[in-house]
Every structure is written in structure tokens, then in C-alpha cells.
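Trainee: Input file: start.cif. Contents: mmCIF, C-alpha atoms and all ligand atoms.
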```cif
data_input
#
loop_
_atom_site.group_PDB
_atom_site.id
_atom_site.type_symbol
_atom_site.label_atom_id
_atom_site.label_comp_id
_atom_site.auth_asym_id
_atom_site.auth_seq_id
_atom_site.Cartn_x
_atom_site.Cartn_y
_atom_site.Cartn_z
ATOM 1 C CA MET A 1 132.234 96.872 107.336
ATOM 2 C CA SER A 2 128.631 95.796 107.573
ATOM 3 C CA ILE A 3 127.371 95.339 111.103
ATOM 4 C CA HIS A 4 123.756 94.678 111.788
ATOM 5 C CA TRP A 5 122.762 94.133 115.388
ATOM 6 C CA PHE A 6 119.331 94.989 116.695
ATOM 7 C CA PRO A 7 118.259 92.094 118.923
ATOM 8 C CA GLY A 8 114.550 91.500 119.566
ATOM 9 C CA HIS A 9 114.645 93.004 123.038
ATOM 10 C CA MET A 10 115.656 96.366 121.544
ATOM 11 C CA THR A 11 112.591 96.542 119.301
ATOM 12 C CA LYS A 12 110.401 95.846 122.296
ATOM 13 C CA ALA A 13 112.349 98.299 124.461
ATOM 14 C CA LYS A 14 111.968 101.066 121.905
ATOM 15 C CA ARG A 15 108.191 100.635 121.948
ATOM 16 C CA GLU A 16 108.086 100.619 125.742
ATOM 17 C CA ILE A 17 110.323 103.681 125.977
ATOM 18 C CA GLU A 18 107.990 105.553 123.648
ATOM 19 C CA ALA A 19 105.003 104.487 125.711
ATOM 20 C CA ARG A 20 106.534 105.750 128.976
ATOM 21 C CA LEU A 21 107.929 109.033 127.699
ATOM 22 C CA GLY A 22 104.798 110.918 128.586
ATOM 23 C CA MET A 23 105.367 110.133 132.275
ATOM 24 C CA VAL A 24 108.918 111.393 132.572
ATOM 25 C CA ASP A 25 110.017 114.958 133.265
ATOM 26 C CA CYS A 26 113.496 114.754 131.809
ATOM 27 C CA ILE A 27 116.039 112.564 130.056
ATOM 28 C CA ILE A 28 119.470 111.553 131.280
ATOM 29 C CA GLU A 29 121.317 110.693 128.088
ATOM 30 C CA LEU A 30 124.509 108.694 128.490
ATOM 31 C CA ARG A 31 127.237 108.752 125.885
ATOM 32 C CA ASP A 32 130.669 107.176 125.948
ATOM 33 C CA SER A 33 133.258 109.911 126.527
ATOM 34 C CA ARG A 34 135.624 108.154 124.094
ATOM 35 C CA LEU A 35 133.129 108.690 121.248
ATOM 36 C CA PRO A 36 130.629 111.404 122.197
ATOM 37 C CA LEU A 37 129.334 111.737 118.633
ATOM 38 C CA SER A 38 129.177 108.143 117.493
ATOM 39 C CA SER A 39 127.574 107.051 120.769
ATOM 40 C CA ARG A 40 124.824 109.585 120.245
ATOM 41 C CA ASN A 41 121.800 107.569 119.236
ATOM 42 C CA PRO A 42 119.677 109.536 116.749
ATOM 43 C CA LEU A 43 116.641 107.709 118.172
ATOM 44 C CA ILE A 44 117.104 109.597 121.420
ATOM 45 C CA ASP A 45 116.652 112.991 119.770
ATOM 46 C CA GLN A 46 113.546 111.674 118.106
ATOM 47 C CA LEU A 47 112.207 110.197 121.335
ATOM 48 C CA SER A 48 113.101 112.890 123.814
ATOM 49 C CA LYS A 49 111.794 115.790 121.721
ATOM 50 C CA ASP A 50 111.845 118.913 123.905
ATOM 51 C CA LYS A 51 112.314 117.310 127.313
ATOM 52 C CA PRO A 52 115.040 118.852 129.460
ATOM 53 C CA ARG A 53 118.159 116.804 129.007
ATOM 54 C CA LEU A 54 121.236 116.030 131.046
ATOM 55 C CA ILE A 55 124.054 114.551 128.945
ATOM 56 C CA VAL A 56 126.538 112.409 130.842
ATOM 57 C CA LEU A 57 129.775 111.413 129.143
ATOM 58 C CA THR A 58 130.701 108.186 130.912
ATOM 59 C CA LYS A 59 133.987 106.303 131.337
ATOM 60 C CA LYS A 60 135.939 109.525 131.709
ATOM 61 C CA ASP A 61 138.805 107.492 133.149
ATOM 62 C CA MET A 62 139.146 105.727 129.764
ATOM 63 C CA SER A 63 139.100 108.782 127.483
ATOM 64 C CA ASP A 64 141.675 111.390 126.560
ATOM 65 C CA PRO A 65 141.241 114.121 129.227
ATOM 66 C CA GLN A 66 141.925 117.033 126.842
ATOM 67 C CA LYS A 67 139.476 115.776 124.253
ATOM 68 C CA THR A 68 136.831 115.183 126.893
ATOM 69 C CA THR A 69 137.134 118.721 128.232
ATOM 70 C CA GLN A 70 136.634 120.021 124.686
ATOM 71 C CA TRP A 71 133.602 117.810 124.142
ATOM 72 C CA VAL A 72 131.936 118.948 127.359
ATOM 73 C CA LYS A 73 132.313 122.532 126.192
ATOM 74 C CA SER A 74 131.147 122.011 122.641
ATOM 75 C CA LEU A 75 128.109 119.875 123.520
ATOM 76 C CA SER A 76 126.778 122.196 126.227
ATOM 77 C CA ALA A 77 123.760 124.212 125.111
ATOM 78 C CA ASP A 78 120.570 125.881 126.348
ATOM 79 C CA ASN A 79 118.425 123.503 128.333
ATOM 80 C CA THR A 80 121.187 120.874 128.112
ATOM 81 C CA VAL A 81 123.838 120.353 130.751
ATOM 82 C CA VAL A 82 126.842 118.166 129.955
ATOM 83 C CA ILE A 83 129.018 116.453 132.541
ATOM 84 C CA ALA A 84 131.814 113.940 132.132
ATOM 85 C CA LEU A 85 132.154 111.307 134.843
ATOM 86 C CA ASN A 86 133.975 108.229 135.908
ATOM 87 C CA LEU A 87 130.763 106.701 137.223
ATOM 88 C CA LEU A 88 132.685 104.305 139.442
ATOM 89 C CA LYS A 89 134.924 106.836 141.205
ATOM 90 C CA ASP A 90 133.423 110.331 140.998
ATOM 91 C CA ASP A 91 130.739 111.625 143.324
ATOM 92 C CA THR A 92 128.128 110.446 140.847
ATOM 93 C CA ARG A 93 125.174 110.785 143.194
ATOM 94 C CA LYS A 94 125.815 114.422 144.030
ATOM 95 C CA LEU A 95 126.731 115.496 140.492
ATOM 96 C CA ILE A 96 123.815 113.781 138.765
ATOM 97 C CA VAL A 97 121.220 115.080 141.226
ATOM 98 C CA GLU A 98 122.638 118.602 140.822
ATOM 99 C CA GLY A 99 122.598 118.260 137.029
ATOM 100 C CA VAL A 100 119.010 117.026 136.943
ATOM 101 C CA LEU A 101 117.797 119.831 139.224
ATOM 102 C CA LYS A 102 119.597 122.339 137.010
ATOM 103 C CA VAL A 103 118.025 121.203 133.716
ATOM 104 C CA MET A 104 114.651 121.032 135.485
ATOM 105 C CA GLU A 105 114.744 124.677 136.660
ATOM 106 C CA PRO A 106 112.556 126.090 133.842
ATOM 107 C CA LYS A 107 110.041 123.304 134.412
ATOM 108 C CA PHE A 108 110.035 123.906 138.187
ATOM 109 C CA SER A 109 109.224 127.577 137.502
ATOM 110 C CA ARG A 110 106.310 126.551 135.306
ATOM 111 C CA TRP A 111 105.046 124.133 137.962
ATOM 112 C CA LYS A 112 105.237 126.898 140.542
ATOM 113 C CA ALA A 113 103.405 129.388 138.330
ATOM 114 C CA ARG A 114 100.626 126.861 137.842
ATOM 115 C CA GLY A 115 100.462 126.076 141.556
ATOM 116 C CA ILE A 116 101.690 122.484 141.066
ATOM 117 C CA GLN A 117 103.180 121.008 144.262
ATOM 118 C CA PRO A 118 106.896 120.179 143.923
ATOM 119 C CA ARG A 119 107.498 116.411 143.728
ATOM 120 C CA ALA A 120 110.365 114.046 142.948
ATOM 121 C CA VAL A 121 111.627 114.392 139.382
ATOM 122 C CA LYS A 122 110.956 111.402 137.115
ATOM 123 C CA ALA A 123 113.887 110.864 134.796
ATOM 124 C CA MET A 124 114.530 108.261 132.130
ATOM 125 C CA VAL A 125 118.062 107.104 131.437
ATOM 126 C CA LEU A 126 118.795 106.437 127.765
ATOM 127 C CA GLY A 127 121.909 105.417 125.867
ATOM 128 C CA ILE A 128 123.653 102.821 123.756
ATOM 129 C CA PRO A 129 124.391 99.356 125.206
ATOM 130 C CA ASN A 130 127.177 99.028 127.797
ATOM 131 C CA VAL A 131 127.588 102.792 128.289
ATOM 132 C CA GLY A 132 126.859 102.607 132.047
ATOM 133 C CA LYS A 133 123.122 103.257 132.475
ATOM 134 C CA SER A 134 122.544 100.630 135.152
ATOM 135 C CA THR A 135 125.834 101.520 136.839
ATOM 136 C CA LEU A 136 124.707 105.141 137.078
ATOM 137 C CA ILE A 137 121.499 104.089 138.831
ATOM 138 C CA ASN A 138 123.344 101.831 141.277
ATOM 139 C CA GLN A 139 125.753 104.659 142.105
ATOM 140 C CA LEU A 140 122.828 107.018 142.658
ATOM 141 C CA ALA A 141 121.025 104.530 144.872
ATOM 142 C CA LYS A 142 124.257 103.523 146.650
ATOM 143 C CA LYS A 143 123.217 99.910 146.295
ATOM 144 C CA LYS A 144 122.987 97.236 143.638
ATOM 145 C CA LEU A 145 119.474 97.668 142.289
ATOM 146 C CA MET A 146 120.318 96.841 138.684
ATOM 147 C CA THR A 147 122.358 94.093 137.048
ATOM 148 C CA VAL A 148 125.577 95.400 135.556
ATOM 149 C CA ALA A 149 128.122 93.610 133.358
ATOM 150 C CA ASN A 150 130.820 94.542 130.923
ATOM 151 C CA LYS A 151 128.992 93.409 127.802
ATOM 152 C CA PRO A 152 126.228 94.991 125.724
ATOM 153 C CA GLY A 153 122.599 93.959 126.068
ATOM 154 C CA VAL A 154 122.500 93.253 129.819
ATOM 155 C CA THR A 155 119.366 95.207 130.737
ATOM 156 C CA MET A 156 116.411 93.753 128.842
ATOM 157 C CA ALA A 157 113.432 95.493 130.437
ATOM 158 C CA LEU A 158 112.479 98.919 131.778
ATOM 159 C CA LYS A 159 112.622 99.288 135.556
ATOM 160 C CA TRP A 160 111.922 102.174 137.930
ATOM 161 C CA ALA A 161 114.219 102.955 140.837
ATOM 162 C CA ASN A 162 113.693 105.377 143.654
ATOM 163 C CA VAL A 163 117.251 106.677 144.072
ATOM 164 C CA HIS A 164 116.970 109.947 145.957
ATOM 165 C CA PRO A 165 114.213 111.872 147.740
ATOM 166 C CA GLN A 166 114.164 114.243 144.751
ATOM 167 C CA LEU A 167 114.697 111.724 141.969
ATOM 168 C CA ASP A 168 113.096 108.577 140.526
ATOM 169 C CA ILE A 169 114.840 107.001 137.551
ATOM 170 C CA LEU A 170 113.692 104.596 134.865
ATOM 171 C CA ASP A 171 116.440 102.246 133.673
ATOM 172 C CA THR A 172 116.147 101.166 130.029
ATOM 173 C CA PRO A 173 117.870 98.639 127.767
ATOM 174 C CA GLY A 174 120.626 100.059 125.570
ATOM 175 C CA LEU A 175 119.379 100.956 122.122
ATOM 176 C CA LEU A 176 121.260 100.878 118.853
ATOM 177 C CA TRP A 177 119.958 101.781 115.479
ATOM 178 C CA GLY A 178 119.144 99.094 112.940
ATOM 179 C CA ARG A 179 121.680 99.724 110.262
ATOM 180 C CA PHE A 180 124.862 101.730 110.414
ATOM 181 C CA GLU A 181 125.093 103.923 107.351
ATOM 182 C CA ASP A 182 128.448 105.136 108.521
ATOM 183 C CA LYS A 183 131.120 102.458 108.754
ATOM 184 C CA ASP A 184 133.250 104.663 110.949
ATOM 185 C CA VAL A 185 130.491 104.917 113.560
ATOM 186 C CA ALA A 186 129.975 101.143 113.588
ATOM 187 C CA MET A 187 133.694 100.636 114.016
ATOM 188 C CA LYS A 188 133.944 102.976 116.992
ATOM 189 C CA LEU A 189 130.929 101.390 118.673
ATOM 190 C CA ALA A 190 132.509 97.998 118.161
ATOM 191 C CA LEU A 191 135.926 99.072 119.447
ATOM 192 C CA SER A 192 134.423 100.507 122.617
ATOM 193 C CA GLY A 193 132.262 97.465 123.432
ATOM 194 C CA SER A 194 128.726 98.584 122.621
ATOM 195 C CA ILE A 195 128.083 95.998 119.913
ATOM 196 C CA ALA A 196 128.069 92.276 120.706
ATOM 197 C CA GLU A 197 131.398 90.655 119.869
ATOM 198 C CA LYS A 198 129.793 87.795 117.997
ATOM 199 C CA VAL A 199 128.653 90.090 115.170
ATOM 200 C CA LEU A 200 132.004 91.753 114.646
ATOM 201 C CA PRO A 201 134.337 91.138 111.704
ATOM 202 C CA THR A 202 137.528 90.718 113.741
ATOM 203 C CA GLU A 203 140.038 91.309 110.981
ATOM 204 C CA GLU A 204 138.469 94.480 109.636
ATOM 205 C CA LEU A 205 138.139 95.803 113.144
ATOM 206 C CA PHE A 206 141.765 95.049 113.892
ATOM 207 C CA ASP A 207 142.898 96.801 110.705
ATOM 208 C CA ALA A 208 140.819 99.858 111.546
ATOM 209 C CA ALA A 209 142.084 99.952 115.139
ATOM 210 C CA PHE A 210 145.698 99.587 114.076
ATOM 211 C CA ASP A 211 145.449 102.387 111.512
ATOM 212 C CA PHE A 212 143.731 104.605 114.067
ATOM 213 C CA LEU A 213 146.450 104.020 116.667
ATOM 214 C CA MET A 214 149.261 104.613 114.171
ATOM 215 C CA VAL A 215 147.876 108.071 113.459
ATOM 216 C CA ASN A 216 146.595 109.108 116.883
ATOM 217 C CA TYR A 217 148.355 107.192 119.662
ATOM 218 C CA PRO A 218 151.423 105.526 118.117
ATOM 219 C CA HIS A 219 153.277 105.299 121.462
ATOM 220 C CA VAL A 220 150.762 102.944 123.105
ATOM 221 C CA LEU A 221 151.904 99.907 121.114
ATOM 222 C CA LEU A 222 155.398 100.298 122.468
ATOM 223 C CA ALA A 223 154.175 100.846 126.007
ATOM 224 C CA ARG A 224 151.814 97.870 126.037
ATOM 225 C CA TYR A 225 153.395 95.365 123.649
ATOM 226 C CA GLY A 226 156.988 96.513 123.287
ATOM 227 C CA TYR A 227 156.392 96.991 119.560
ATOM 228 C CA ARG A 228 158.010 99.924 117.743
ATOM 229 C CA GLY A 229 157.266 99.215 114.087
ATOM 230 C CA LYS A 230 154.411 100.019 111.773
ATOM 231 C CA ASP A 231 153.440 96.605 110.488
ATOM 232 C CA LYS A 232 150.199 94.875 111.457
ATOM 233 C CA THR A 233 151.444 91.312 111.069
ATOM 234 C CA GLU A 234 154.624 92.047 112.998
ATOM 235 C CA LEU A 235 152.585 93.486 115.855
ATOM 236 C CA LEU A 236 150.417 90.358 115.943
ATOM 237 C CA GLU A 237 153.490 88.140 115.876
ATOM 238 C CA THR A 238 154.975 90.114 118.766
ATOM 239 C CA ILE A 239 151.814 89.697 120.821
ATOM 240 C CA ALA A 240 151.558 85.987 119.941
ATOM 241 C CA LYS A 241 155.196 85.435 120.884
ATOM 242 C CA ASN A 242 154.907 87.253 124.227
ATOM 243 C CA ARG A 243 151.687 85.517 125.188
ATOM 244 C CA GLY A 244 152.690 82.063 123.975
ATOM 245 C CA TYR A 245 150.051 81.829 121.254
ATOM 246 C CA VAL A 246 151.947 79.223 119.259
ATOM 247 C CA GLN A 247 150.814 75.954 117.717
ATOM 248 C CA ASN A 248 152.971 73.539 115.691
ATOM 249 C CA GLY A 249 155.629 76.217 115.442
ATOM 250 C CA GLU A 250 153.198 78.792 113.999
ATOM 251 C CA TYR A 251 151.974 81.964 115.648
ATOM 252 C CA LYS A 252 148.225 82.013 116.250
ATOM 253 C CA LEU A 253 147.621 85.468 114.843
ATOM 254 C CA ASN A 254 143.875 85.335 115.296
ATOM 255 C CA ASP A 255 144.276 84.825 119.048
ATOM 256 C CA ALA A 256 146.630 87.804 119.138
ATOM 257 C CA MET A 257 144.052 89.882 117.287
ATOM 258 C CA VAL A 258 141.297 88.951 119.718
ATOM 259 C CA THR A 259 143.522 89.766 122.702
ATOM 260 C CA PHE A 260 144.521 93.111 121.199
ATOM 261 C CA LEU A 261 140.902 94.118 120.545
ATOM 262 C CA ARG A 262 139.809 93.036 124.023
ATOM 263 C CA GLU A 263 142.605 95.002 125.682
ATOM 264 C CA LEU A 264 141.862 98.073 123.593
ATOM 265 C CA ARG A 265 138.166 97.840 124.467
ATOM 266 C CA GLN A 266 138.786 97.559 128.184
ATOM 267 C CA GLY A 267 141.248 100.445 128.245
ATOM 268 C CA ASP A 268 144.449 98.450 128.883
ATOM 269 C CA LEU A 269 146.287 100.483 126.243
ATOM 270 C CA GLY A 270 145.704 103.653 128.275
ATOM 271 C CA PRO A 271 143.139 106.435 128.096
ATOM 272 C CA MET A 272 142.233 107.433 124.534
ATOM 273 C CA SER A 273 139.437 109.050 122.568
ATOM 274 C CA PHE A 274 138.164 107.743 119.259
ATOM 275 C CA GLU A 275 136.917 111.193 118.273
HETATM 276 N N1 LIG A 301 135.972 102.409 133.747
HETATM 277 C C1 LIG A 301 134.665 102.685 133.820
HETATM 278 N N2 LIG A 301 133.779 101.683 133.680
HETATM 279 C C2 LIG A 301 132.462 101.992 133.732
HETATM 280 C C3 LIG A 301 132.002 103.322 133.938
HETATM 281 N N3 LIG A 301 130.658 103.289 133.907
HETATM 282 C C4 LIG A 301 130.294 102.010 133.710
HETATM 283 N N4 LIG A 301 131.378 101.214 133.608
HETATM 284 C C5 LIG A 301 131.408 99.755 133.332
HETATM 285 O O1 LIG A 301 130.745 99.549 132.091
HETATM 286 C C6 LIG A 301 130.145 98.262 132.073
HETATM 287 C C7 LIG A 301 128.704 98.379 131.595
HETATM 288 O O2 LIG A 301 127.915 98.994 132.585
HETATM 289 P P1 LIG A 301 126.323 98.829 132.643
HETATM 290 O O3 LIG A 301 125.856 99.755 133.708
HETATM 291 O O4 LIG A 301 125.918 97.403 132.721
HETATM 292 O O5 LIG A 301 125.910 99.410 131.203
HETATM 293 P P2 LIG A 301 124.424 99.606 130.613
HETATM 294 O O6 LIG A 301 124.429 100.898 129.880
HETATM 295 O O7 LIG A 301 123.410 99.429 131.679
HETATM 296 O O8 LIG A 301 124.376 98.407 129.553
HETATM 297 P P3 LIG A 301 123.072 97.649 128.920
HETATM 298 O O9 LIG A 301 122.178 97.285 130.042
HETATM 299 O O10 LIG A 301 123.684 96.460 128.246
HETATM 300 O O11 LIG A 301 122.470 98.594 127.942
HETATM 301 C C8 LIG A 301 130.302 97.707 133.483
HETATM 302 O O12 LIG A 301 131.405 96.812 133.470
HETATM 303 C C9 LIG A 301 130.615 98.935 134.319
HETATM 304 O O13 LIG A 301 131.391 98.645 135.465
HETATM 305 C C10 LIG A 301 132.981 104.367 134.090
HETATM 306 O O14 LIG A 301 132.679 105.560 134.243
HETATM 307 N N5 LIG A 301 134.290 103.981 134.030
HETATM 308 MG MG MG A 302 121.869 98.108 131.864
#
```
Could you take the file, read its structure, and then write that structure out as C-alpha cells?
Mentor:
Amino acid sequence: MSIHWFPGHMTKAKREIEARLGMVDCIIELRDSRLPLSSRNPLIDQLSKDKPRLIVLTKKDMSDPQKTTQWVKSLSADNTVVIALNLLKDDTRKLIVEGVLKVMEPKFSRWKARGIQPRAVKAMVLGIPNVGKSTLINQLAKKKLMTVANKPGVTMALKWANVHPQLDILDTPGLLWGRFEDKDVAMKLALSGSIAEKVLPTEELFDAAFDFLMVNYPHVLLARYGYRGKDKTELLETIAKNRGYVQNGEYKLNDAMVTFLRELRQGDLGPMSFE
């Protein structure tokens, strides 16, 4: 699978992020809890260097709870705090502010030693498209400061928000990396909705998703579509039949494929983790 998607606004955003890094005290890195490794943008490590970092695994409600607990444990490290959140339901404001203050502790001590007056922390939020960066800021601010939508590439420019007496946050456009060396990574990003649909090879993606479900979550096809078998075409025919995707007596299998991928992406098949 060859997916190449790095729209012009991302090139510009990358430059602007680099230019503003010097002004921020710490990074809030968002990853999708369904794919905490594949949604880790290598650019962020490069960009954030040794800044204190809070890692937030978003969309906890959509991932496999056991897997997510394991990921939180294995990703936690010195100077990095990891929390998993349903940004829409959890007490995001309280937990993020606490997390930021925690990763900032060593820096606060240095400020104090140098006689620097405490001030609001300046944080930059970074992550792949559609992972929830603007949502996180709106939840922190308790109002709709940023535009949010369930498609990648919504935020196009950097924007500061004063969200808490102790915290100012810079929202940034989601960044991907130019070329995906690893087909598996590209597939997971596509299945979870971080790559624009228009660049996706639907059939390959469907095949990959089907094979993945057969191995990892075979029961969900029965629960969602009433399908018990192990055959791709039969599954598509079942979906087409149930949804009335029929033309001139033929099932419209492509429509069934698109529906299946959309429902998987939006979590209709139940919580699951891709890694
Ligand atoms: N179920 C669920 N949905 C979430 C969560 N966080 C964000 N979303 C949804 O994810 C979609 C994308 O959110 P945004 O905040 O626009 O994502 P973004 O990272 O700013 O995206 P770009 O600006 O395109 O880079 C929206 O539909 C949100 O409602 C979460 O924890 N759980
Ligand atoms: Mg955004």
C-alpha cells in the first residue's frame, strides 16, 4: 500500500512549529490510544528534543481497555508522564493540568533556584491529524475556542489559547510524515481516520482490516453485521443485502466496503486496539 499525504499546510506548519519551539516550556503529545506506536510521529521526537513531555493517549473509549492499560505502563518513563483519556467524557481539564505541572516539576525547581518568578506554563500540543488536539484545548478552556471536526486536516494554523491560570497552550495542525516506509503503519493511520479518505486505496484497506479482525476480534462481525463466516466477499454481500445496496439485481460491494471502513473508523464495531 503506497499512501502519500502531506498537504501544503503541513509543510508550513512544521516550519512554524520549529520557529515557536523556543518559546514553549513543554510538549503535550497526543497519540491515538488504538495505535500508540503508529500514531507516534517521529518528527515530534526530533522537534521536542529534551522538553518535558506529557503523552496523552486519546479516544480511550474506542480502544481495548486492557491494551491501553498496558500501553500507559510501557510508555511511561523519566520526565514523561502518560495518561489515557476519553477527552469528551473524562475530567480532561483537571487531569491535563495536573500532568503538565508534574512534568514541569524539574523545570520549576530550576526556575526557583535561578530566582525566576513562577508564571503560567506555555505548552505546545502536537500530534497526528484528527487525534483530538483542538478538542483537548476546548475541554481545557471549557468553551469552543478551536474548530473541531471528525476528519483530518481541520486545524491549518498555529493558535495560542489561554486555558487556565497556570497554562497557555498552542494548538497546531496535525502533522504526518511524508512517506510511510512501513505499510502497516500507514494502514493503521488510515483505519483510524488520520489520513484523508480521498488518498486511501479502499480495497487494500478493506482486505487489511478484514484480516486483522479475523485474527484479533473475530466476534465483532457477528455482533455488528450478523456474519459468522470467514469470507470477505460474503461479508460484503451480507452488508449490502442488509443495507439495501443493490442495483439491477447486483450487490454494490464497493458501497458495502466504504460503509464497513467508516463504521470501523468511528468505533461502531466496538472498542478495539490496532496494536
Ligand atoms: N470518541 C472520542 N472522540 C474524540 C476524542 N477526542 C477527540 N475526539 C473526536 O475526534 C475528532 C477530531 O478531533 P479534533 O480535536 O478536531 O482533532 P485534531 O487533532 O485537532 O485534528 P486536526 O486539526 O485535523 O489535526 C472530533 O470528532 C472529536 O470529537 C475522544 O477521546 N473520544
Ligand atoms: Mg485541530
Trainee: Under the rule that all atoms listed in the file are counted, which of A:Thr147, A:Thr11, A:Thr92, A:Asn162 is the nearest residue to ligand MG 302 (chain A)?
Mentor: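 Of A:Thr147, A:Thr11, A:Thr92, A:Asn162, the one nearest ligand MG 302 (chain A) is A:Thr147, counting all atoms listed in the file.
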Trainee: Return as a ChimeraX atom specification the set of residues that the PyMOL selection byres (((chain A and resi 122) around 8) and not hetatm) yields on the displayed structure.
Mentor: /A:23-26,120-121,123-124,167-170
Trainee: Return as a PyMOL selection string every polymer residue, whether protein, DNA or RNA, with at least one atom no more than 12 Å from an atom of ligand MG 302 (chain A); count only C-alpha atoms and all ligand atoms.
Mentor: chain A and resi 30+125-138+144-159+170-175+194
Trainee: Let me make sure I understand: among A:Leu101, A:Ala161, A:Ile195, A:Leu75, which one has the smallest atom-to-atom distance to ligand LIG 301 (chain A) if we use all atoms listed in the file?
Mentor: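 Of A:Leu101, A:Ala161, A:Ile195, A:Leu75, the one nearest ligand LIG 301 (chain A) is A:Ile195, counting all atoms listed in the file.
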Trainee: Which residue gives the smallest distance to A:Arg31 among A:Lys67, A:Lys89, A:Lys252, A:Leu189, with all atoms listed in the file counted?
Mentor: A:Leu189
Trainee: Could you state which residues are captured by the PyMOL selection byres (((chain A and resi 264) around 12) and not hetatm) in this file, as a VMD selection string?
Mentor: chain A and resid 34 62 to 63 188 190 to 193 205 to 206 209 to 210 212 to 213 217 220 to 221 224 to 225 257 to 263 265 to 274
Trainee: Considering only C-alpha atoms, return as a list in words whatever protein or nucleic-acid residues lie within 10 Å of A:Val185, sequence-local ones (same chain, fewer than 6 positions apart) excluded.
Mentor: Leu35, Leu37, Ser38, Ser39, Arg40, Leu191 and Phe274 of chain A
Trainee: Could you work out how far atom CA of A:Leu253 lies from atom CA of A:His4, giving the answer in Å with one decimal?
Mentor: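 For atom CA of A:His4 relative to atom CA of A:Leu253, the distance reads 25.8 Å.
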